[in-house]
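So the structure is just underneath, and the comments pick up after that.
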Amino acid sequence: MATNKKVGNDFEAEFCDILSANGLWVHNMAQNKAGQPADVIAVKDKTAYLIDCKVCENERFSLSRVEENQHFAMGLWKQCGNGEGWFALKVNDEIIMIPHFNMVALSYAQSSLNLQDMRENGVPLGRWLKKC
């Protein structure tokens, strides 16, 4: 059985491959210092994206998995003139992109997201890529 770290690292690599295949310049920060606030920086057409990758088990995502340093970094990322930070949630074979501001808003009302919540508050990766 794969460890959570291996499952997460495998998803980060898979996600980077998908973005790269869709014309984005991608840097996976997996090999950088532990505790970084995101996993991936991707750029296309002068727009940079800060993305954290999370694998969801049992079609559920606990909002407590979004760490304080991630909230801080994604807020600062936006204040510095970049766009919204993003979370790439892998649920089964589906990848759902949820903007950081939605994660913040949802955390005031609930402690976790089910698959329906993820779909309602995010966009499928394919649709997200078309907007890049």
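Chain identifiers are assigned as A, B, and so on, following the order in which chains appear in the structure tokens; residues are numbered from 1 within each chain, and ligands are numbered from 1 in order of appearance.
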
Spatial neighbours of Cys132 in chain A, max dist 10 Å, only C-alpha atoms, sep filter under 5 positions, as a list in words
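Near Cys132 in chain A, the qualifying residues are Asn22, Gly23, Leu24, Val43, Lys44, Asp45, Thr47, Ala48, Tyr49 and Arg127 of chain A.
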
Per DSSP on the backbone, filter range 86-116 of chain A down to the residues in strand (DSSP E or B) and report them as a list in words.
Trp86, Phe87, Ala88, Leu89, Lys90, Val91, Glu94, Ile95, Ile96, Met97, Ile98, Pro99, Ser112, Leu113 and Asn114 of chain A

Mind writing the picked residues with N, CA, C and O atoms as a PDB file, in the first residue's frame?
```pdb
ATOM      1  N   TRP A  86      -5.016  28.456  -6.034  1.00  0.00           N
ATOM      2  CA  TRP A  86      -5.917  27.356  -6.388  1.00  0.00           C
ATOM      3  C   TRP A  86      -5.563  26.089  -5.637  1.00  0.00           C
ATOM      4  O   TRP A  86      -4.403  25.860  -5.297  1.00  0.00           O
ATOM      5  N   PHE A  87      -6.562  25.250  -5.457  1.00  0.00           N
ATOM      6  CA  PHE A  87      -6.378  23.899  -4.941  1.00  0.00           C
ATOM      7  C   PHE A  87      -6.835  22.928  -6.011  1.00  0.00           C
ATOM      8  O   PHE A  87      -7.937  23.067  -6.555  1.00  0.00           O
ATOM      9  N   ALA A  88      -5.971  21.970  -6.330  1.00  0.00           N
ATOM     10  CA  ALA A  88      -6.313  20.897  -7.262  1.00  0.00           C
ATOM     11  C   ALA A  88      -6.656  19.683  -6.406  1.00  0.00           C
ATOM     12  O   ALA A  88      -5.771  19.110  -5.750  1.00  0.00           O
ATOM     13  N   LEU A  89      -7.936  19.338  -6.371  1.00  0.00           N
ATOM     14  CA  LEU A  89      -8.376  18.207  -5.566  1.00  0.00           C
ATOM     15  C   LEU A  89      -8.597  17.006  -6.469  1.00  0.00           C
ATOM     16  O   LEU A  89      -9.380  17.078  -7.425  1.00  0.00           O
ATOM     17  N   LYS A  90      -7.906  15.922  -6.170  1.00  0.00           N
ATOM     18  CA  LYS A  90      -8.103  14.692  -6.939  1.00  0.00           C
ATOM     19  C   LYS A  90      -9.061  13.800  -6.171  1.00  0.00           C
ATOM     20  O   LYS A  90      -8.801  13.424  -5.032  1.00  0.00           O
ATOM     21  N   VAL A  91     -10.182  13.514  -6.819  1.00  0.00           N
ATOM     22  CA  VAL A  91     -11.206  12.674  -6.230  1.00  0.00           C
ATOM     23  C   VAL A  91     -11.444  11.532  -7.214  1.00  0.00           C
ATOM     24  O   VAL A  91     -11.937  11.774  -8.322  1.00  0.00           O
ATOM     25  N   GLU A  94     -11.013  12.094 -11.006  1.00  0.00           N
ATOM     26  CA  GLU A  94     -11.456  13.448 -11.355  1.00  0.00           C
ATOM     27  C   GLU A  94     -10.563  14.469 -10.649  1.00  0.00           C
ATOM     28  O   GLU A  94     -10.173  14.265  -9.498  1.00  0.00           O
ATOM     29  N   ILE A  95     -10.243  15.559 -11.347  1.00  0.00           N
ATOM     30  CA  ILE A  95      -9.494  16.655 -10.731  1.00  0.00           C
ATOM     31  C   ILE A  95     -10.376  17.896 -10.771  1.00  0.00           C
ATOM     32  O   ILE A  95     -10.842  18.309 -11.839  1.00  0.00           O
ATOM     33  N   ILE A  96     -10.604  18.461  -9.603  1.00  0.00           N
ATOM     34  CA  ILE A  96     -11.462  19.630  -9.466  1.00  0.00           C
ATOM     35  C   ILE A  96     -10.611  20.781  -8.945  1.00  0.00           C
ATOM     36  O   ILE A  96      -9.897  20.645  -7.945  1.00  0.00           O
ATOM     37  N   MET A  97     -10.675  21.914  -9.634  1.00  0.00           N
ATOM     38  CA  MET A  97      -9.926  23.110  -9.254  1.00  0.00           C
ATOM     39  C   MET A  97     -10.842  24.025  -8.438  1.00  0.00           C
ATOM     40  O   MET A  97     -11.903  24.433  -8.922  1.00  0.00           O
ATOM     41  N   ILE A  98     -10.404  24.341  -7.219  1.00  0.00           N
ATOM     42  CA  ILE A  98     -11.192  25.214  -6.345  1.00  0.00           C
ATOM     43  C   ILE A  98     -10.339  26.419  -5.971  1.00  0.00           C
ATOM     44  O   ILE A  98      -9.223  26.268  -5.464  1.00  0.00           O
ATOM     45  N   PRO A  99     -10.856  27.629  -6.207  1.00  0.00           N
ATOM     46  CA  PRO A  99     -10.085  28.829  -5.840  1.00  0.00           C
ATOM     47  C   PRO A  99      -9.975  28.979  -4.321  1.00  0.00           C
ATOM     48  O   PRO A  99     -10.878  28.585  -3.578  1.00  0.00           O
ATOM     49  N   SER A 112     -15.782  20.178   6.251  1.00  0.00           N
ATOM     50  CA  SER A 112     -15.291  19.342   5.158  1.00  0.00           C
ATOM     51  C   SER A 112     -16.187  19.509   3.935  1.00  0.00           C
ATOM     52  O   SER A 112     -17.293  20.050   4.022  1.00  0.00           O
ATOM     53  N   LEU A 113     -15.661  19.037   2.803  1.00  0.00           N
ATOM     54  CA  LEU A 113     -16.399  19.083   1.548  1.00  0.00           C
ATOM     55  C   LEU A 113     -16.646  17.660   1.081  1.00  0.00           C
ATOM     56  O   LEU A 113     -15.748  16.821   1.134  1.00  0.00           O
ATOM     57  N   ASN A 114     -17.865  17.410   0.607  1.00  0.00           N
ATOM     58  CA  ASN A 114     -18.115  16.145  -0.059  1.00  0.00           C
ATOM     59  C   ASN A 114     -17.967  16.379  -1.562  1.00  0.00           C
ATOM     60  O   ASN A 114     -17.714  17.507  -2.002  1.00  0.00           O
TER      61      ASN A 114
END
```

Which residues, written as a PyMOL selection string, have at least one atom at most 10 Å from range 63-77 of chain A, with only C-alpha atoms counted and residues fewer than 3 positions away on the same chain left out?
chain A and resi 35-38+48-52+54+60+80-87+99-101+103-104+106-108+110-113

For Val7 in chain A: contacts at 12 Å, only C-alpha atoms, fewer than 5 positions along chain excluded, given as a list in words
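Within the cut-off, the hits are Met1, Ala2, Glu12, Ala13, Glu14, Cys53, Lys54, Val55, Cys56, Glu57 and Lys90 of chain A.
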
Go ahead and compute the interatomic distance for CA of Ile41 in chain A and CA of Ile18 in chain A, in Å to one decimal.
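About the pair CA of Ile41 in chain A and CA of Ile18 in chain A: they are 13.3 Å apart.
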
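In this model, the gap between CA of Lys5 in chain A and CA of Met29 in chain A comes to 14.0 Å.
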
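For the pair CA of Leu129 in chain A and CA of Asn92 in chain A, the interatomic distance is 19.3 Å.
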
For the helix (DSSP H, G or I) assignment from backbone DSSP, which residues of chain A qualify? Please present them as an NGL selection string.
:A and (4-21 or 29-31 or 63-65 or 68-79 or 100-109 or 115-121 or 125-131)

Pick from A:Glu59, A:Asp117, A:Asp17, A:Asp39 nearest to Asp93 in chain A, counting only C-alpha atoms
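Selected residue with least distance to Asp93 in chain A: A:Glu59.
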